[in-house]
Each structure stands twice: as structure tokens, then as C-alpha cells.
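Colleague: Pasting in a structure now, in C-alpha cells, and then I'll have a few things to ask.
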Amino acid sequence: MLLLFDIDGTLTIGGPGKKAFRVALERTYGTAGPIANHDFSGKTDPLLLRELLSAAGHTPREIEAGRGRFWERYLAELEVRIAAEPVAVLPGVRELTRVLARRGDVFLGLVTGNVRGGARLKLATSGLWEHFPVGAFGCDHESRNELPHFALDRARAHWGRDFGGEDTVVIGDTPRDVECGKAVGAATVAVATGRFPAARLERTGADRVLPGFADTRASLAALLSPRSCVPALLP
């Protein structure tokens with residue numbers, strides 16, 4: 001079984017990601033747009049870039065012209081800031097990933113809106129990067145619903161196994177995570193560790209909803225058999 005995890009709000013929380021994004025926007029484009037009140041939940045970094053700059057009046061050509069410089073500045077800023085303001089690993093995540101990584105019938109990967117460099121910085125500094133040898137990232141496609149296809153292709157190439165949606169579980173903390181899993185026919189597990197409460201996540205039609213990963217036994221049951229028994233595990 002292939003388990004594809006989101007990062008922000010699912011494995012980790014906090015850190016300087018939004019601050020680094022703002023600084024890189026201001027230095028590259030002269031504005032961060034309406035970033036203070038903008039909804040980042042479940043979106044890819046390239047989509048956020050386009051939304052914020054479009055709202056600030058930038059044309060698609062202007063956005064594209066600065067894109068390369070922006071990503072360089074964003075990753076450099078994130079690397080500097082994350083040393084002083086590291087992301088926090090959510091309760092139970094370390095134990096859960098250790099247990100899953102030891103199993104011969106489970107394969108771990110990522111589906112995240114972070115560009116790959118940002119994902120690496122967040123997970124490497126928190127000691128989790130080594131558990132996820134494959135993934136799909138915001139730099140692969142602006143639309144999150146397209147990302148599981150990239151992850152499946154990379155998992156097939158890495159492990160030499162014919163993974164399909166029926167062999168895959170997508171795990172995340174937002175309705176967009178659930179939606180992207182359904183787009184590839186994967187089972188979905190939503191965790192109420194971000195800004196969305198369990199009741200809201202239930203309404204997405206996720207196969208399971210968990211309060212978090214603090215209970216390793218319950219987490220394993222939900223992740224390894226998400227479509228069996230009851231559809232949700234709530235506090």
C-alpha cells in the first residue's frame with residue numbers, strides 16, 4: 001500500500017513558510033498582495049503566487065518574468081529563517097512514521113503543495129525527510145488534483161511496483177487533500193490537525209477522519225484499512 005502524506009498541518013505545523021513567502025514576494029515583485037488574510041489551505045505554492053500577485057494587479061506576463069527569481073529568494077529566505085523558527089512535528093507523527101517505515105507492505109510518499117525545495121527544508125530540519133523517498137510537489141503542477149498522478153508515477157519507478165489508485169491512500173488536513181485523493185481514485189484519510197474541524201472534514205466524504213496521529217494504533221488502523229468498518233474515527 002502506498003501512503004501519500006501532506007506536510008503542513010498534517011505532519012508538521014508552524015514555521016516561517018508564510019513569512020519567507022511574503023519577503024520573497026516583496027523583494028521580487030514589490031508587493032505581497034493581500035497575503036495577511038489570504039487562504040493558504042491546501043493550495044500549491046505556484047497557485048498562491050499567482051493568486052496573490054493577480055490580486056495585487058500584476059499581469060500573467062509580469063508574474064512569469066519574476067518567477068525564477070522569486071523561487072530562489074523564497075528558498076533562501078526559508079532556509080535562513082527555519083533555523084531560528086523550525087517547524088514542529090505534530091504529536092504521534094514520529095512514532096507513526098517509524099512504525100510504517102519498518103513494514104514491508106507499506107510505501108511512504110508525499111503529496112504536498114510545497115515546492116520540492118521547501119518540502120525538503122521543512123522535513124529535513126524536523127528529521128522526517130528520509131522516510132519519504134518519493135513525492136509530488138507544487139512545482140510539478142499548479143493544480144493539487146494533478147499531483148497524485150506524479151506521485152504514483154514516481155512510486156512505480158522507485159519501487160518497481162504497479163501502484164494504482166486502489167493501492168493508495170492520500171492523507172491530509174484540508175478538503176483539498178481529500179479532493180485530490182478522490183481525483184485519482186485513492187482512499188482518503190483526513191486529520192483534524194489543521195484549521196478544519198473534524199465535522200467539516202467529514203462532509204468532504206473522506207473515508208476516515210482522525211483527530212490526529214497521537215494514538216498510533218488507531219492511526220494505523222485508519223491508514224491501512226481506510227475503506228473498511230466505520231467511515232470515521234472521531235474523538
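Residue numbering restarts at 1 in every chain; chains get A, B, ... in the order shown in the C-alpha cells, and ligands count up from 1 in that same order.
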Counting only C-alpha atoms, which residues of segment 132-183 of chain A fall within 12 Å of segment 207-215 of chain A, and what is the closest atom pair for each with its distance in Å at one decimal, ordered by chain and rising number, as a tab-separated table?
Modeller:
residue	atom	partner	partner_atom	distance
A:Val169	CA	A:Asp207	CA	9.6
A:Val170	CA	A:Asp207	CA	10.2
A:Ile171	CA	A:Arg208	CA	9.6
A:Gly172	CA	A:Val209	CA	9.8
A:Asp173	CA	A:Gly212	CA	9.3
A:Thr174	CA	A:Val209	CA	10.9
A:Pro175	CA	A:Val209	CA	11.3
A:Val178	CA	A:Asp207	CA	9.0
A:Glu179	CA	A:Asp207	CA	11.5
A:Gly181	CA	A:Asp207	CA	10.5
A:Lys182	CA	A:Asp207	CA	10.0
Colleague: Please provide as a PyMOL selection string all residues within 10 Å of Ile7 of chain A, with the sequence filter that same-chain residues fewer than 6 positions apart are discarded (counting only C-alpha atoms).
Modeller: chain A and resi 13+42+89+110-114+119+122-123+171-173
Colleague: Could you give me, as JSON lines, a per-residue list for segment 102-168 of chain A showing, wherever an atom lies at most 7 Å from an atom of segment 62-80 of chain A, the closest pair of atoms and their distance in Å to one decimal, using only C-alpha atoms and sorting by chain then residue number from low to high?
Modeller:
{"residue": "A:Gly117", "atom": "CA", "partner": "A:Leu75", "partner_atom": "CA", "distance": 6.7}
{"residue": "A:Gly118", "atom": "CA", "partner": "A:Leu75", "partner_atom": "CA", "distance": 6.3}
{"residue": "A:Leu121", "atom": "CA", "partner": "A:Glu79", "partner_atom": "CA", "distance": 6.7}
Colleague: For Arg203 of chain A, which residue among A:Ala190, A:Gly14, A:Asp45, A:Ala124 is the nearest when counting only C-alpha atoms?
Modeller: A:Ala190
Colleague: What are the DSSP strand (DSSP E or B) residues of segment 55-220 of chain A, as number ranges by chain?
Modeller: A: 88-89, 107-111, 134-136, 168-172, 187-191, 208-210
Colleague: Please determine, counting only C-alpha atoms, which residue among A:Glu142, A:Asp167, A:Glu95, A:Asp153 has the shortest atom-to-atom distance to Phe107 of chain A.
Modeller: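 When distances to Phe107 of chain A are compared using only C-alpha atoms, the smallest one comes from A:Asp167.
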